[in-house]
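Chemist: Pasting a structure here, questions to come.
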Amino acid sequence: MVCVDVDAEKIEKLKQGIIPIFELGLESLVKENTASGRLRFTTDAAMAVAHGDIQFIAVGTPPDEDGSADLQYVLRVSQTIAEHMPGHRILVNKSTVPVGTADRVRARVAERLGADIEAVRQGIGSDPRIGYRFIYPGVGYGGSCFPKDVQALVRTAEGIDFDAKVLKAVEARNADQKTTLCAKIRDHFGVELAGKTIAVWGLSFKPNTDDMREAPSRVLMEALWNAGAKVQAYDPEAMEETQRLYGHHDALTLCGTKEGALKGADALVVVTEWQSFRAPDFELIKGQLTQPTIFDGRNMFEPARMAKKGFTYYSVGRLPQAPTRV
């Protein structure tokens with residue numbers, strides 16, 4: 001266990017076994033576990049966040065001028081955790097806080113993570129040899145060229161006894177990324193999706209084509225069917241190709257409009273970033289779905305805006321957004 005605080009003097013005393021409060025048996029417990037290496041004290045927030053899968057927030061919440069709890073320290077720690085998170089972390093609020101604080105903490109972390117992600121994209125994309133255009137987070141690449149070319153390069157490398165580890169990692173990561181949306185859906189609804197209907201917007205592997213070769217939508221739909229769910233799908237161009245690939249699949253309904261795909265569905269999943277999906281009627285979406293839940297595989301919408309509109313919103317590389325409650 002690692003305990004972190006901004007007060008360097010307090011941390012030094014704790015390292016020496018000097019406890020700032022009296023609690024029967026606490027001093028010997030701290031000394032014993034510090035000596036054994038099970039307990040450490042630090043001012044290094046990055047090290048503490050990297051150490052623990054579970055992060056306890058235990059800071060003061062003094063009364064504000066109007067008598068309400070002052071949450072500035074809780075939110076500051078939340079932001080610090082978000083800034084240093086190397087991966088998934090569970091945040092547990094140990095501080096005494098009012099109802100609704102968990103939503104505020106979640107929003108603060110999501111806001112900060114969205115800004116890290118964007119900073120990395122801007123940093124890498126500032127190199128003109130790379131650019132910004134193709135480094136958005138998403139649910140994997142498809143099509144006839146890129147997957148085939150990466151695989152061909154790996155095989156070529158094997159032919160000269162070279163282990164192309166980076167290319168293999170790209171291929172493996174892309175395959176895993178295509179499972180992201182179904183994993184989020186199963187985490188939200190439960191592993192078994194029997195009785196659930198999912199609206200899918202976007203079937204082609206990218207906008208402005210009907211090509212579905214290696215498309216993330218195929219991985220998603222087949223995983224949903226295997227979990228017992230039904231799919232209502234729409235794409236501006238790839239409907240005939242979907243029909244050719246899957247025929248009259250019992251768990252697939254192809255809809256003539258994006259609005260038609262929503263009717264009676266339990267959630268909306270956006271898979272392809274078609275321009276016509278960028279500014280939908282959110283009130284209509286909310287009215288057609290059985291519950292206002294969106295899984296956005298292309299980060300087309302802003303989390304804060306979706307929360308204000310009352311949606312439970314999941315995107316890629318950002319924490320889920322709980323709806324604003326009035």
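Residues are referred to by chain and number: the chain letter is A, B, ... according to the order shown in the structure tokens, the number counts from 1 in that chain, and ligands are numbered separately from 1 in the order shown.
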Per residue of stretch 104-220 of chain A within 10 Å of stretch 311-317 of chain A, note the shortest atom pair and the distance in Å to one decimal, counting only C-alpha atoms, and order the rows by chain and increasing residue number, as JSON lines.
Modeler:
{"residue": "A:Ala110", "atom": "CA", "partner": "A:Gly317", "partner_atom": "CA", "distance": 9.3}
{"residue": "A:Leu113", "atom": "CA", "partner": "A:Gly317", "partner_atom": "CA", "distance": 7.8}
{"residue": "A:Gly114", "atom": "CA", "partner": "A:Gly317", "partner_atom": "CA", "distance": 7.5}
{"residue": "A:Asp116", "atom": "CA", "partner": "A:Gly317", "partner_atom": "CA", "distance": 9.8}
{"residue": "A:Ile117", "atom": "CA", "partner": "A:Gly317", "partner_atom": "CA", "distance": 7.4}
{"residue": "A:Tyr136", "atom": "CA", "partner": "A:Val316", "partner_atom": "CA", "distance": 9.7}
{"residue": "A:Pro137", "atom": "CA", "partner": "A:Val316", "partner_atom": "CA", "distance": 6.3}
{"residue": "A:Gly138", "atom": "CA", "partner": "A:Val316", "partner_atom": "CA", "distance": 6.0}
{"residue": "A:Val139", "atom": "CA", "partner": "A:Val316", "partner_atom": "CA", "distance": 7.6}
{"residue": "A:Gln177", "atom": "CA", "partner": "A:Val316", "partner_atom": "CA", "distance": 9.7}
{"residue": "A:Thr180", "atom": "CA", "partner": "A:Val316", "partner_atom": "CA", "distance": 8.2}
{"residue": "A:Leu181", "atom": "CA", "partner": "A:Val316", "partner_atom": "CA", "distance": 8.5}
{"residue": "A:Lys184", "atom": "CA", "partner": "A:Tyr314", "partner_atom": "CA", "distance": 7.7}
{"residue": "A:Ile185", "atom": "CA", "partner": "A:Tyr314", "partner_atom": "CA", "distance": 9.1}
{"residue": "A:His188", "atom": "CA", "partner": "A:Tyr314", "partner_atom": "CA", "distance": 9.6}
Chemist: Please extract the residues of stretch 118-229 of chain A with a backbone DSSP assignment of helix (DSSP H, G or I) and present them as number ranges by chain.
Modeler: A: 118-125, 146-159, 165-177, 180-189, 216-226
Chemist: Per DSSP on the backbone, filter stretch 51-146 of chain A down to the residues in strand (DSSP E) and report them as a PyMOL selection string.
Modeler: chain A and resi 54-57+90-93
Chemist: Produce a file of the selected residues containing N, CA, C and O atoms, as a PDB file, in the first residue's frame.
Modeler:
ATOM      1  N   ILE A  54      -6.582   0.389  -7.202  1.00  0.00           N
ATOM      2  CA  ILE A  54      -7.669   1.055  -6.473  1.00  0.00           C
ATOM      3  C   ILE A  54      -7.091   2.286  -5.788  1.00  0.00           C
ATOM      4  O   ILE A  54      -6.095   2.199  -5.068  1.00  0.00           O
ATOM      5  N   GLN A  55      -7.698   3.436  -6.035  1.00  0.00           N
ATOM      6  CA  GLN A  55      -7.231   4.709  -5.494  1.00  0.00           C
ATOM      7  C   GLN A  55      -8.272   5.254  -4.516  1.00  0.00           C
ATOM      8  O   GLN A  55      -9.396   5.552  -4.912  1.00  0.00           O
ATOM      9  N   PHE A  56      -7.894   5.351  -3.235  1.00  0.00           N
ATOM     10  CA  PHE A  56      -8.788   5.920  -2.232  1.00  0.00           C
ATOM     11  C   PHE A  56      -8.544   7.424  -2.114  1.00  0.00           C
ATOM     12  O   PHE A  56      -7.401   7.864  -1.960  1.00  0.00           O
ATOM     13  N   ILE A  57      -9.611   8.184  -2.186  1.00  0.00           N
ATOM     14  CA  ILE A  57      -9.528   9.637  -1.977  1.00  0.00           C
ATOM     15  C   ILE A  57      -9.968   9.913  -0.550  1.00  0.00           C
ATOM     16  O   ILE A  57     -11.124   9.665  -0.181  1.00  0.00           O
ATOM     17  N   ILE A  90      -9.746   2.189 -10.316  1.00  0.00           N
ATOM     18  CA  ILE A  90     -10.998   2.328  -9.575  1.00  0.00           C
ATOM     19  C   ILE A  90     -10.797   3.406  -8.528  1.00  0.00           C
ATOM     20  O   ILE A  90      -9.860   3.335  -7.730  1.00  0.00           O
ATOM     21  N   LEU A  91     -11.651   4.419  -8.520  1.00  0.00           N
ATOM     22  CA  LEU A  91     -11.574   5.499  -7.541  1.00  0.00           C
ATOM     23  C   LEU A  91     -12.631   5.282  -6.466  1.00  0.00           C
ATOM     24  O   LEU A  91     -13.819   5.120  -6.778  1.00  0.00           O
ATOM     25  N   VAL A  92     -12.199   5.264  -5.217  1.00  0.00           N
ATOM     26  CA  VAL A  92     -13.099   5.099  -4.076  1.00  0.00           C
ATOM     27  C   VAL A  92     -13.046   6.378  -3.245  1.00  0.00           C
ATOM     28  O   VAL A  92     -11.967   6.779  -2.796  1.00  0.00           O
ATOM     29  N   ASN A  93     -14.191   7.016  -3.057  1.00  0.00           N
ATOM     30  CA  ASN A  93     -14.223   8.275  -2.317  1.00  0.00           C
ATOM     31  C   ASN A  93     -14.431   7.991  -0.834  1.00  0.00           C
ATOM     32  O   ASN A  93     -15.521   7.627  -0.409  1.00  0.00           O
TER      33      ASN A  93
END
Chemist: Compare A:Asp70, A:Asp5, A:Asp53, A:Asp211 by their minimum atom-to-atom distance to A:Pro98, counting only C-alpha atoms, and give me the closest one.
Modeler: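 Comparing A:Asp70, A:Asp5, A:Asp53, A:Asp211 against A:Pro98, the winner is A:Asp70.
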Chemist: Can you tell me, as a PDB file with N, CA, C and O atoms, in the first residue's frame, what residues are no more than 12 Å from A:Ile294 when counting only C-alpha atoms, ignoring any on the same chain fewer than 4 positions away?
Modeler:
ATOM      1  N   LEU A 181     -16.266  -2.128 -28.524  1.00  0.00           N
ATOM      2  CA  LEU A 181     -17.667  -1.713 -28.363  1.00  0.00           C
ATOM      3  C   LEU A 181     -18.511  -2.795 -27.716  1.00  0.00           C
ATOM      4  O   LEU A 181     -19.302  -2.517 -26.817  1.00  0.00           O
ATOM      5  N   LYS A 184     -17.863  -2.953 -24.038  1.00  0.00           N
ATOM      6  CA  LYS A 184     -18.515  -1.869 -23.305  1.00  0.00           C
ATOM      7  C   LYS A 184     -20.019  -2.139 -23.145  1.00  0.00           C
ATOM      8  O   LYS A 184     -20.602  -1.871 -22.096  1.00  0.00           O
ATOM      9  N   ILE A 185     -20.618  -2.676 -24.195  1.00  0.00           N
ATOM     10  CA  ILE A 185     -22.052  -2.988 -24.139  1.00  0.00           C
ATOM     11  C   ILE A 185     -22.318  -4.074 -23.106  1.00  0.00           C
ATOM     12  O   ILE A 185     -23.256  -3.979 -22.309  1.00  0.00           O
ATOM     13  N   HIS A 188     -22.051  -2.823 -19.635  1.00  0.00           N
ATOM     14  CA  HIS A 188     -23.197  -1.989 -19.255  1.00  0.00           C
ATOM     15  C   HIS A 188     -24.440  -2.823 -18.963  1.00  0.00           C
ATOM     16  O   HIS A 188     -25.100  -2.631 -17.935  1.00  0.00           O
ATOM     17  N   ILE A 198     -29.945  -3.792 -30.237  1.00  0.00           N
ATOM     18  CA  ILE A 198     -28.950  -2.732 -30.361  1.00  0.00           C
ATOM     19  C   ILE A 198     -29.063  -2.082 -31.736  1.00  0.00           C
ATOM     20  O   ILE A 198     -29.061  -2.763 -32.765  1.00  0.00           O
ATOM     21  N   ALA A 199     -29.186  -0.757 -31.742  1.00  0.00           N
ATOM     22  CA  ALA A 199     -29.178   0.003 -32.996  1.00  0.00           C
ATOM     23  C   ALA A 199     -27.738   0.282 -33.395  1.00  0.00           C
ATOM     24  O   ALA A 199     -26.940   0.748 -32.574  1.00  0.00           O
ATOM     25  N   VAL A 200     -27.385  -0.017 -34.637  1.00  0.00           N
ATOM     26  CA  VAL A 200     -26.025   0.201 -35.138  1.00  0.00           C
ATOM     27  C   VAL A 200     -26.067   1.199 -36.283  1.00  0.00           C
ATOM     28  O   VAL A 200     -26.745   0.977 -37.288  1.00  0.00           O
ATOM     29  N   TRP A 201     -25.333   2.298 -36.109  1.00  0.00           N
ATOM     30  CA  TRP A 201     -25.177   3.282 -37.176  1.00  0.00           C
ATOM     31  C   TRP A 201     -23.785   3.138 -37.777  1.00  0.00           C
ATOM     32  O   TRP A 201     -22.788   3.357 -37.103  1.00  0.00           O
ATOM     33  N   LEU A 262     -33.423   3.104 -34.694  1.00  0.00           N
ATOM     34  CA  LEU A 262     -33.505   3.402 -33.260  1.00  0.00           C
ATOM     35  C   LEU A 262     -34.744   2.807 -32.587  1.00  0.00           C
ATOM     36  O   LEU A 262     -34.722   2.538 -31.387  1.00  0.00           O
ATOM     37  N   ALA A 265     -34.969   0.128 -29.722  1.00  0.00           N
ATOM     38  CA  ALA A 265     -33.653  -0.414 -29.372  1.00  0.00           C
ATOM     39  C   ALA A 265     -33.280   0.002 -27.947  1.00  0.00           C
ATOM     40  O   ALA A 265     -33.735   1.021 -27.432  1.00  0.00           O
ATOM     41  N   ASP A 266     -32.426  -0.803 -27.335  1.00  0.00           N
ATOM     42  CA  ASP A 266     -32.001  -0.527 -25.958  1.00  0.00           C
ATOM     43  C   ASP A 266     -30.795   0.400 -25.890  1.00  0.00           C
ATOM     44  O   ASP A 266     -30.490   0.944 -24.824  1.00  0.00           O
ATOM     45  N   ALA A 267     -30.097   0.571 -26.993  1.00  0.00           N
ATOM     46  CA  ALA A 267     -28.949   1.471 -27.048  1.00  0.00           C
ATOM     47  C   ALA A 267     -28.597   1.735 -28.499  1.00  0.00           C
ATOM     48  O   ALA A 267     -28.931   0.946 -29.387  1.00  0.00           O
ATOM     49  N   LEU A 268     -27.895   2.837 -28.718  1.00  0.00           N
ATOM     50  CA  LEU A 268     -27.371   3.172 -30.040  1.00  0.00           C
ATOM     51  C   LEU A 268     -25.857   3.010 -30.032  1.00  0.00           C
ATOM     52  O   LEU A 268     -25.186   3.459 -29.099  1.00  0.00           O
ATOM     53  N   VAL A 269     -25.326   2.370 -31.081  1.00  0.00           N
ATOM     54  CA  VAL A 269     -23.881   2.242 -31.242  1.00  0.00           C
ATOM     55  C   VAL A 269     -23.488   2.909 -32.553  1.00  0.00           C
ATOM     56  O   VAL A 269     -24.031   2.580 -33.613  1.00  0.00           O
ATOM     57  N   VAL A 270     -22.561   3.863 -32.487  1.00  0.00           N
ATOM     58  CA  VAL A 270     -22.042   4.516 -33.686  1.00  0.00           C
ATOM     59  C   VAL A 270     -20.708   3.868 -34.039  1.00  0.00           C
ATOM     60  O   VAL A 270     -19.768   3.908 -33.243  1.00  0.00           O
ATOM     61  N   VAL A 271     -20.628   3.258 -35.230  1.00  0.00           N
ATOM     62  CA  VAL A 271     -19.423   2.516 -35.614  1.00  0.00           C
ATOM     63  C   VAL A 271     -18.626   3.235 -36.689  1.00  0.00           C
ATOM     64  O   VAL A 271     -17.394   3.199 -36.688  1.00  0.00           O
ATOM     65  N   PHE A 282     -31.017  14.628 -30.980  1.00  0.00           N
ATOM     66  CA  PHE A 282     -30.819  13.841 -29.770  1.00  0.00           C
ATOM     67  C   PHE A 282     -32.118  13.600 -29.014  1.00  0.00           C
ATOM     68  O   PHE A 282     -32.269  12.570 -28.352  1.00  0.00           O
ATOM     69  N   ILE A 285     -33.628  10.674 -30.677  1.00  0.00           N
ATOM     70  CA  ILE A 285     -32.911   9.460 -30.271  1.00  0.00           C
ATOM     71  C   ILE A 285     -33.390   8.997 -28.905  1.00  0.00           C
ATOM     72  O   ILE A 285     -33.698   7.823 -28.692  1.00  0.00           O
ATOM     73  N   LYS A 286     -33.468   9.939 -27.982  1.00  0.00           N
ATOM     74  CA  LYS A 286     -33.885   9.600 -26.619  1.00  0.00           C
ATOM     75  C   LYS A 286     -35.313   9.053 -26.598  1.00  0.00           C
ATOM     76  O   LYS A 286     -35.624   8.113 -25.855  1.00  0.00           O
ATOM     77  N   LEU A 289     -35.266   5.259 -28.232  1.00  0.00           N
ATOM     78  CA  LEU A 289     -34.591   4.202 -27.472  1.00  0.00           C
ATOM     79  C   LEU A 289     -35.366   3.887 -26.194  1.00  0.00           C
ATOM     80  O   LEU A 289     -36.020   4.755 -25.621  1.00  0.00           O
ATOM     81  N   THR A 290     -35.245   2.653 -25.722  1.00  0.00           N
ATOM     82  CA  THR A 290     -35.896   2.292 -24.458  1.00  0.00           C
ATOM     83  C   THR A 290     -35.177   2.922 -23.277  1.00  0.00           C
ATOM     84  O   THR A 290     -35.762   3.099 -22.214  1.00  0.00           O
ATOM     85  N   ARG A 298     -16.500   6.358 -32.434  1.00  0.00           N
ATOM     86  CA  ARG A 298     -15.652   7.313 -33.155  1.00  0.00           C
ATOM     87  C   ARG A 298     -15.539   8.664 -32.460  1.00  0.00           C
ATOM     88  O   ARG A 298     -15.068   9.628 -33.048  1.00  0.00           O
ATOM     89  N   ASN A 299     -15.983   8.738 -31.193  1.00  0.00           N
ATOM     90  CA  ASN A 299     -15.895   9.986 -30.423  1.00  0.00           C
ATOM     91  C   ASN A 299     -16.460  11.177 -31.194  1.00  0.00           C
ATOM     92  O   ASN A 299     -15.851  12.255 -31.253  1.00  0.00           O
ATOM     93  N   MET A 300     -17.635  10.981 -31.750  1.00  0.00           N
ATOM     94  CA  MET A 300     -18.251  12.029 -32.565  1.00  0.00           C
ATOM     95  C   MET A 300     -18.921  13.116 -31.720  1.00  0.00           C
ATOM     96  O   MET A 300     -19.153  14.219 -32.194  1.00  0.00           O
ATOM     97  N   PHE A 301     -19.256  12.781 -30.477  1.00  0.00           N
ATOM     98  CA  PHE A 301     -19.994  13.711 -29.638  1.00  0.00           C
ATOM     99  C   PHE A 301     -19.177  14.060 -28.399  1.00  0.00           C
ATOM    100  O   PHE A 301     -18.294  13.314 -27.983  1.00  0.00           O
ATOM    101  N   GLU A 302     -19.506  15.204 -27.782  1.00  0.00           N
ATOM    102  CA  GLU A 302     -18.797  15.670 -26.601  1.00  0.00           C
ATOM    103  C   GLU A 302     -19.433  15.083 -25.337  1.00  0.00           C
ATOM    104  O   GLU A 302     -20.643  15.217 -25.132  1.00  0.00           O
ATOM    105  N   PRO A 303     -18.637  14.439 -24.473  1.00  0.00           N
ATOM    106  CA  PRO A 303     -19.191  13.801 -23.275  1.00  0.00           C
ATOM    107  C   PRO A 303     -20.008  14.726 -22.392  1.00  0.00           C
ATOM    108  O   PRO A 303     -21.091  14.351 -21.932  1.00  0.00           O
ATOM    109  N   MET A 306     -23.385  15.412 -23.905  1.00  0.00           N
ATOM    110  CA  MET A 306     -24.268  14.250 -23.856  1.00  0.00           C
ATOM    111  C   MET A 306     -24.832  14.044 -22.455  1.00  0.00           C
ATOM    112  O   MET A 306     -25.997  13.676 -22.283  1.00  0.00           O
ATOM    113  N   ALA A 307     -23.991  14.274 -21.455  1.00  0.00           N
ATOM    114  CA  ALA A 307     -24.463  14.143 -20.071  1.00  0.00           C
ATOM    115  C   ALA A 307     -25.554  15.164 -19.778  1.00  0.00           C
ATOM    116  O   ALA A 307     -26.562  14.851 -19.138  1.00  0.00           O
ATOM    117  N   LYS A 309     -27.620  16.376 -21.822  1.00  0.00           N
ATOM    118  CA  LYS A 309     -28.828  15.983 -22.540  1.00  0.00           C
ATOM    119  C   LYS A 309     -29.487  14.742 -21.943  1.00  0.00           C
ATOM    120  O   LYS A 309     -30.515  14.269 -22.434  1.00  0.00           O
ATOM    121  N   GLY A 310     -28.875  14.185 -20.895  1.00  0.00           N
ATOM    122  CA  GLY A 310     -29.492  13.072 -20.197  1.00  0.00           C
ATOM    123  C   GLY A 310     -29.107  11.698 -20.693  1.00  0.00           C
ATOM    124  O   GLY A 310     -29.760  10.709 -20.363  1.00  0.00           O
ATOM    125  N   PHE A 311     -28.020  11.603 -21.481  1.00  0.00           N
ATOM    126  CA  PHE A 311     -27.585  10.310 -21.999  1.00  0.00           C
ATOM    127  C   PHE A 311     -26.508   9.686 -21.116  1.00  0.00           C
ATOM    128  O   PHE A 311     -25.658  10.386 -20.559  1.00  0.00           O
ATOM    129  N   THR A 312     -26.544   8.370 -20.997  1.00  0.00           N
ATOM    130  CA  THR A 312     -25.386   7.631 -20.531  1.00  0.00           C
ATOM    131  C   THR A 312     -24.539   7.394 -21.775  1.00  0.00           C
ATOM    132  O   THR A 312     -25.001   6.782 -22.734  1.00  0.00           O
ATOM    133  N   TYR A 313     -23.320   7.913 -21.750  1.00  0.00           N
ATOM    134  CA  TYR A 313     -22.527   8.008 -22.970  1.00  0.00           C
ATOM    135  C   TYR A 313     -21.163   7.353 -22.800  1.00  0.00           C
ATOM    136  O   TYR A 313     -20.431   7.651 -21.868  1.00  0.00           O
ATOM    137  N   TYR A 314     -20.868   6.411 -23.696  1.00  0.00           N
ATOM    138  CA  TYR A 314     -19.571   5.747 -23.702  1.00  0.00           C
ATOM    139  C   TYR A 314     -18.845   6.089 -25.003  1.00  0.00           C
ATOM    140  O   TYR A 314     -19.441   6.059 -26.076  1.00  0.00           O
ATOM    141  N   SER A 315     -17.557   6.396 -24.884  1.00  0.00           N
ATOM    142  CA  SER A 315     -16.761   6.654 -26.080  1.00  0.00           C
ATOM    143  C   SER A 315     -15.470   5.856 -25.978  1.00  0.00           C
ATOM    144  O   SER A 315     -15.355   4.958 -25.150  1.00  0.00           O
ATOM    145  N   VAL A 316     -14.480   6.188 -26.797  1.00  0.00           N
ATOM    146  CA  VAL A 316     -13.235   5.419 -26.826  1.00  0.00           C
ATOM    147  C   VAL A 316     -12.114   6.245 -26.220  1.00  0.00           C
ATOM    148  O   VAL A 316     -11.854   7.369 -26.649  1.00  0.00           O
ATOM    149  N   PRO A 320     -16.881   6.684 -19.140  1.00  0.00           N
ATOM    150  CA  PRO A 320     -18.314   6.842 -19.424  1.00  0.00           C
ATOM    151  C   PRO A 320     -18.890   8.049 -18.700  1.00  0.00           C
ATOM    152  O   PRO A 320     -18.442   8.412 -17.618  1.00  0.00           O
ATOM    153  N   GLN A 321     -19.905   8.650 -19.321  1.00  0.00           N
ATOM    154  CA  GLN A 321     -20.552   9.833 -18.750  1.00  0.00           C
ATOM    155  C   GLN A 321     -21.934   9.468 -18.250  1.00  0.00           C
ATOM    156  O   GLN A 321     -22.777   8.965 -19.006  1.00  0.00           O
ATOM    157  N   ALA A 322     -22.158   9.722 -16.959  1.00  0.00           N
ATOM    158  CA  ALA A 322     -23.500   9.513 -16.399  1.00  0.00           C
ATOM    159  C   ALA A 322     -24.376  10.705 -16.781  1.00  0.00           C
ATOM    160  O   ALA A 322     -23.894  11.831 -16.871  1.00  0.00           O
ATOM    161  N   PRO A 323     -25.670  10.480 -17.005  1.00  0.00           N
ATOM    162  CA  PRO A 323     -26.543  11.587 -17.369  1.00  0.00           C
ATOM    163  C   PRO A 323     -26.710  12.582 -16.240  1.00  0.00           C
ATOM    164  O   PRO A 323     -26.653  12.226 -15.086  1.00  0.00           O
TER     165      PRO A 323
END
Chemist: Give me the residues near stretch 73-83 of chain A as a list in words, where near means some atom within 8 Å (using only C-alpha atoms) and where sequence neighbours in that chain fewer than 6 positions away do not count.
Modeler: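 Residues meeting the cut-off are Ala45, Ala46, Val49, Ile57, Ala58, Val59, Gly60, Thr61, Ser95, Arg104, Val105, Arg108, Val109, Ala110, Arg112, Leu113 and Asp116 of chain A.
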Chemist: Tell me, in Å to one decimal, how far atom CA of A:Cys3 is from atom CA of A:Asp64.
Modeler: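 Atom CA of A:Cys3 sits 26.6 Å away from atom CA of A:Asp64.
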Chemist: Once you count only C-alpha atoms, what closest atom pair and distance in Å to one decimal does each residue of stretch 167-217 of chain A within 12 Å of stretch 236-252 of chain A have, with rows by chain and rising residue number, as a tab-separated table?
Modeler:
residue	atom	partner	partner_atom	distance
A:Ala194	CA	A:Ala251	CA	10.9
A:Gly195	CA	A:Ala251	CA	10.7
A:Lys196	CA	A:Ala251	CA	10.6
A:Thr197	CA	A:Ala251	CA	9.0
A:Ile198	CA	A:Leu252	CA	9.8
A:Ala199	CA	A:Leu252	CA	10.1
A:Val200	CA	A:Leu252	CA	10.3
A:Trp201	CA	A:Pro236	CA	9.1
A:Gly202	CA	A:Pro236	CA	7.7
A:Leu203	CA	A:Ala238	CA	6.2
A:Ser204	CA	A:Ala238	CA	5.8
A:Phe205	CA	A:Ala238	CA	9.5
A:Lys206	CA	A:Ala238	CA	10.4
A:Pro207	CA	A:Glu237	CA	8.8
A:Asn208	CA	A:Glu237	CA	7.5
A:Thr209	CA	A:Glu237	CA	6.5
A:Asp210	CA	A:Ala238	CA	4.2
A:Asp211	CA	A:Ala238	CA	6.9
A:Met212	CA	A:Glu241	CA	7.2
A:Arg213	CA	A:Glu241	CA	9.9
A:Ala215	CA	A:Thr242	CA	10.9
A:Ser217	CA	A:Thr242	CA	10.1
Chemist: Can you measure atom CA of A:Pro62 to atom CA of A:Thr43 for me? One decimal in Å is fine.
Modeler: 22.2 Å
Chemist: At what distance in Å, to one decimal, does atom CA of A:Val97 lie from atom CA of A:Ala69?
Modeler: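 Going from atom CA of A:Ala69 over to atom CA of A:Val97 covers 6.7 Å.
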Chemist: Excluding same-chain residues fewer than 5 positions from stretch 28-42 of chain A, what lies within 9 Å of it counting only C-alpha atoms, as a PyMOL selection string?
Modeler: chain A and resi 1-6+8+11-12+14-19+47-48
Chemist: Would you export the selected residues with C-alpha atoms as a PDB file, in the first residue's frame, please?
Modeler:
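Okay, out_30.pdb is ready:
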ATOM      1  CA  MET A   1       0.000   0.000   0.000  1.00  0.00           C
ATOM      2  CA  VAL A   2       1.199   3.499  -0.835  1.00  0.00           C
ATOM      3  CA  CYS A   3      -0.064   6.607   0.982  1.00  0.00           C
ATOM      4  CA  VAL A   4       0.460   9.968  -0.727  1.00  0.00           C
ATOM      5  CA  ASP A   5       0.144  13.520   0.575  1.00  0.00           C
ATOM      6  CA  VAL A   6       1.302  16.970  -0.562  1.00  0.00           C
ATOM      7  CA  ALA A   8       6.262  16.736   2.800  1.00  0.00           C
ATOM      8  CA  ILE A  11       5.180  12.291   5.023  1.00  0.00           C
ATOM      9  CA  GLU A  12       8.683  12.369   6.560  1.00  0.00           C
ATOM     10  CA  LEU A  14       5.103   9.019   8.901  1.00  0.00           C
ATOM     11  CA  LYS A  15       8.178   7.370   7.393  1.00  0.00           C
ATOM     12  CA  GLN A  16       9.751   7.615  10.854  1.00  0.00           C
ATOM     13  CA  GLY A  17       6.675   6.082  12.454  1.00  0.00           C
ATOM     14  CA  ILE A  18       5.438   9.355  13.957  1.00  0.00           C
ATOM     15  CA  ILE A  19       1.640   9.368  13.715  1.00  0.00           C
ATOM     16  CA  MET A  47       4.242   6.803  -8.339  1.00  0.00           C
ATOM     17  CA  ALA A  48       1.205   6.348  -6.103  1.00  0.00           C
TER      18      ALA A  48
END
